[in-house]
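What follows is one structure encoded as structure tokens, with my remarks underneath.
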Amino acid sequence: LKKNKIMKRNFKYIAMAFLVSGMLSAQKIDVNKMPTPGPTPVINIAQPKTFTLKNGMTVMVVENSKLPRVNMSISMDRPPYFEGDIVGVSGIMGDQLGNGTTSMSKEKFNARVDYLGSSLNLSSGGASANTLSKYFPEILSMMADGMINPLWSAEEVENSKNRTIEGLKTEEKSADAIASNVSGALIYGKNTAMGEFETEESVKKITLQDVKNLYNKYYGPDNAYMVVVGDVKFNEVKSLIEKNFNGWKKTNVKYDAVPAAKNLATTEINVVDVPNAVQSVVSVSNVTDVKTNNPQYFAAKIANYILGGGGEARLFMNLREKNAFTYGAYSSLSTSKYAPNFSAQSSVRNEVTDKAIIEFMNELKAITGKKVTAEELANAKAKLKGDFIRSLERPETIASFALSLKTQDLPSDFYTNYLKSIDKVTLEDVEKAAKTVILPGNSRIFVAGKASDISESLDKLGYPVKYYDRFANPVAKPVAQKVSTDITPASVAKKYIDAIGGNAAVAKINSVTTTATTKVQGMDMTMKMIKGKGGKMMMDVQMMGNSVQKIVFDGKEGYMAGQGQKMPMP
């Protein structure tokens, strides 16, 4: 019987192979040629039905009954705001919004969402949820309750602060994290909403009252947009939202205008010393004024894709495939409402940092000084159109389209004509857009890496070089310290032994004990490790006073124990 099953399965595979082979022969497919793309499809995107609540919140509803699910989101269209001495308070406030409400504890709130098989996330910028349509009214009500009636707790604020500080400590020596902080501070200004960043000092200053003040000032419906997509009826949704959200009070806050960032008069290199880095984080960036509603939007997207949009783009093919400087090199074009910018970035080995910068600048100059080929244009169009078409499968995509139409001042047919707009872009359009958004002569070349290894080579590139610490403060050029030749691992060990009393004192030590404590989901956990002469050791991990794992070895044999089970050490 077993052999018969195997034979039947093999016959199926053979039949399938003949079928595929026959189809390929019939179609005369040449596997060495890129498939020819079909005609651009016509896109029909449902237009949302819209209404506005008395408190100013705009609601957009897209009815789609293909699946019994509902996706909803609330976004606040507001400029970035300056937090000053308590940078990080927005994140702490966002954490509190998930800690229950004045009528429901955190545990009951989260358990109810899980029981309904739904997801519900609240943050400082709004909320999102996904649920079966039959549970939509309850999840909508819980979303409103969580946003309008949050449960404030001084203890939860402290817990959130501690988690944030621990996260910052893990990033103290991360070149990527340092690069993100300092590059933003240099581009937009350290004392601006766009340039400030969290520090351990700023997070420690945050109080419960600061969190409440921020919520009362900025967390309101004035500039809020709610999008509901899924198996719903407009009239029912309107009634439910009015019932749950009309009580959300306006903040009536007036936002300061976002100061316009300026590009450099001439390109310069900015370096942050990360002494432990084995790679340099390199980025070349400039600000632009090309937003989503700009006539050059589509041409600029295509130019960026050709330069650094993927594994077949110019930057990737140069820095990785040709020169093997990195695992990948890319570029990005942000067309956001408040901070449009262009950036090309990669992480490269320390010893090739200067060479990588040369190739970055060569590619930026090339795409702004030479025409794009017809093949590059065609491939970019096909990729961008394919990405757009695939994105339509997700309900959240339709929600983001509806939101963008309102907040980005886009024409109502912007997404309906998206594919046609891509098709219309010419080689000349791409060349003009590249010169608009990519400015190799006015760029900030930012490097986060081991300055002692790279500073001399950077000086030879012909650009002004400035140095900063990890808090974006100007510093002098780091000087490499030379280690004396008489310092060896053996000499360091000898000095340490001498400092603790010499070999005689070390010989008296029979064991070394290490104890560690932490918290896991609010419960105390401890680990005790003892190492003794003769290879003896014992490790005991305990939760709430109970041993959950224990390993013992007496120099000859041992055992492992955990969860009520015990076995000899293999």
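Quick note on naming: the chains in the structure tokens go A, B, ... in the order shown, residues restart at 1 in each chain, and ligands are numbered from 1 in order of appearance.
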* To do: Compile the contact shell of Asp429 in chain A as a PyMOL selection string: residues with an atom at most 12 Å away, counting only C-alpha atoms, same-chain residues fewer than 4 positions apart removed.
  => chain A and resi 295-303+368+371-372+377+421-425+433-436
* To do: as a list in words, list the residues of range 500-556 of chain A assigned to helix (DSSP H, G or I) by DSSP on the backbone atoms of this structure.
  =>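 Selecting the helix (DSSP H, G or I) positions of range 500-556 of chain A gives Gly502, Asn503, Ala504, Ala505, Val506, Ala507, Lys533, Gly534 and Gly535 of chain A.
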* Long-range neighbours of range 442-454 of chain A as a ChimeraX atom specification, 7 Å cut-off, only C-alpha atoms, 2 positions minimum in chain -> /A:175,179,183,263-277,279-286,350-351,353,439-440,456-458,478-480
* Considering only C-alpha atoms, return as a ChimeraX atom specification whatever protein or nucleic-acid residues lie within 8 Å of range 316-325 of chain A, sequence-local ones (same chain, fewer than 5 positions apart) excluded. => /A:308,310-311,330,348-349,352,356,359
* Contacts of Gly309 in chain A at 12 Å (only C-alpha atoms; same-chain gap of 3+ positions) as a PyMOL selection string -> chain A and resi 300-306+312-317+328-333+343-345+376+379-381+383-384
* **Residue among A:Leu122, A:Ile241, A:Met194, A:Ala185 lying closest to Glu138 in chain A, counting only C-alpha atoms** =>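 Once distances to Glu138 in chain A are computed over only C-alpha atoms, the minimum belongs to A:Ile241.
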* **Selection: 9 Å around range 257-260 of chain A, only C-alpha atoms, excl. self and same-chain fewer than 6 positions, as a PyMOL selection string** => chain A and resi 79-81+188+192-194+338-339
Take the residues just selected and output them with N, CA, C and O atoms as a compact mmCIF listing (two decimals), in the first residue's frame.
```txt
# COMPACT_ATOMS: atom_id res chain seq x y z
N PRO A 79 1.67 69.40 12.62
CA PRO A 79 3.12 69.57 12.45
C PRO A 79 3.85 68.96 13.64
O PRO A 79 3.28 68.81 14.72
N PRO A 80 5.11 68.58 13.47
CA PRO A 80 5.89 68.12 14.62
C PRO A 80 6.01 69.23 15.64
O PRO A 80 6.12 70.40 15.29
N TYR A 81 5.93 68.88 16.92
CA TYR A 81 6.00 69.90 17.98
C TYR A 81 7.25 69.69 18.83
O TYR A 81 7.75 68.58 19.00
N TYR A 188 18.24 69.82 10.69
CA TYR A 188 17.10 70.67 11.08
C TYR A 188 17.39 71.58 12.27
O TYR A 188 16.60 72.49 12.55
N THR A 192 15.07 72.12 17.57
CA THR A 192 13.83 72.21 16.79
C THR A 192 13.06 70.90 16.93
O THR A 192 13.62 69.87 17.34
N ALA A 193 11.80 70.95 16.55
CA ALA A 193 10.96 69.75 16.64
C ALA A 193 11.49 68.62 15.76
O ALA A 193 11.38 67.44 16.10
N MET A 194 12.08 68.95 14.62
CA MET A 194 12.58 67.94 13.69
C MET A 194 13.97 67.44 14.08
O MET A 194 14.37 66.35 13.66
N TYR A 338 5.64 67.81 5.82
CA TYR A 338 6.37 68.75 6.66
C TYR A 338 7.89 68.71 6.50
O TYR A 338 8.56 69.66 6.89
N ALA A 339 8.44 67.63 5.95
CA ALA A 339 9.91 67.55 5.85
C ALA A 339 10.34 66.73 4.65
O ALA A 339 10.95 65.66 4.81
```
* To do: Tell me, as number ranges by chain, which residues lie within 12 Å of Lys106 in chain A, counting only C-alpha atoms; anything in the same chain fewer than 5 positions away does not count.
  => A: 95-101, 111-113, 142, 146, 150-153, 156
* Structure fact -> Of A:Pro221, A:Gly184, A:Pro48, A:Gly386, the one sitting nearest Met76 in chain A when using only C-alpha atoms is A:Pro221
Name the residues of range 278-352 of chain A that fall into strand (DSSP E or B) according to DSSP on the backbone, using the chain letters and numbers of this document, as a compact mmCIF listing (two decimals) with C-alpha atoms, in the first residue's frame.
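Writing done, so here's part.txt:
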```txt
# COMPACT_ATOMS: atom_id res chain seq x y z
CA GLN A 279 31.54 49.72 9.93
CA SER A 280 30.82 53.31 8.98
CA VAL A 281 27.23 54.44 8.51
CA VAL A 282 27.34 56.75 5.49
CA SER A 283 24.52 58.96 4.23
CA VAL A 284 24.40 61.74 1.65
CA SER A 285 21.34 63.95 2.03
CA ASN A 286 19.65 67.23 1.22
CA VAL A 287 16.23 68.75 1.81
CA ALA A 329 23.28 50.65 -0.83
CA TYR A 330 20.01 52.50 -1.37
CA SER A 331 18.43 55.92 -1.69
CA SER A 332 15.11 57.26 -0.44
CA LEU A 333 12.91 60.19 -1.34
CA SER A 334 10.53 61.48 1.31
CA ASN A 341 14.08 65.25 1.72
CA PHE A 342 16.41 63.02 -0.28
CA SER A 343 18.98 60.62 1.16
CA ALA A 344 21.36 57.93 -0.10
CA GLN A 345 22.76 55.59 2.52
CA SER A 346 24.75 52.45 3.33
CA SER A 347 26.95 50.83 5.96
CA VAL A 348 30.47 50.07 4.71
CA ARG A 349 33.70 48.65 6.10
```
* To do: Pick out the closest residue to Ser455 in chain A from this set: A:Val211, A:Ala476, A:Val203, A:Met567. Count only C-alpha atoms.
  =>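 The answer is A:Ala476, which sits nearest to Ser455 in chain A.
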* Asked: From the set A:Ser174, A:Ala46, A:Ser65, A:Phe136, which residue has the shortest atom-to-atom contact distance to Ser412 in chain A, counting only C-alpha atoms?
  ->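 Among A:Ser174, A:Ala46, A:Ser65, A:Phe136, it is A:Ala46 that comes nearest to Ser412 in chain A.
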* Structure fact -> With distances taken over only C-alpha atoms, the candidate from A:Thr513, A:Ser123, A:Thr170, A:Gln563 nearest Ser90 in chain A is A:Ser123
* To do: Measuring atom to atom with only C-alpha atoms, identify which of A:Ser124, A:Asn235, A:Thr407, A:Ser511 is nearest to Val61 in chain A.
  => A:Asn235
* **Atom-to-atom span, CA of Gly125 in chain A and CA of Leu410 in chain A, Å** => 21.8 Å
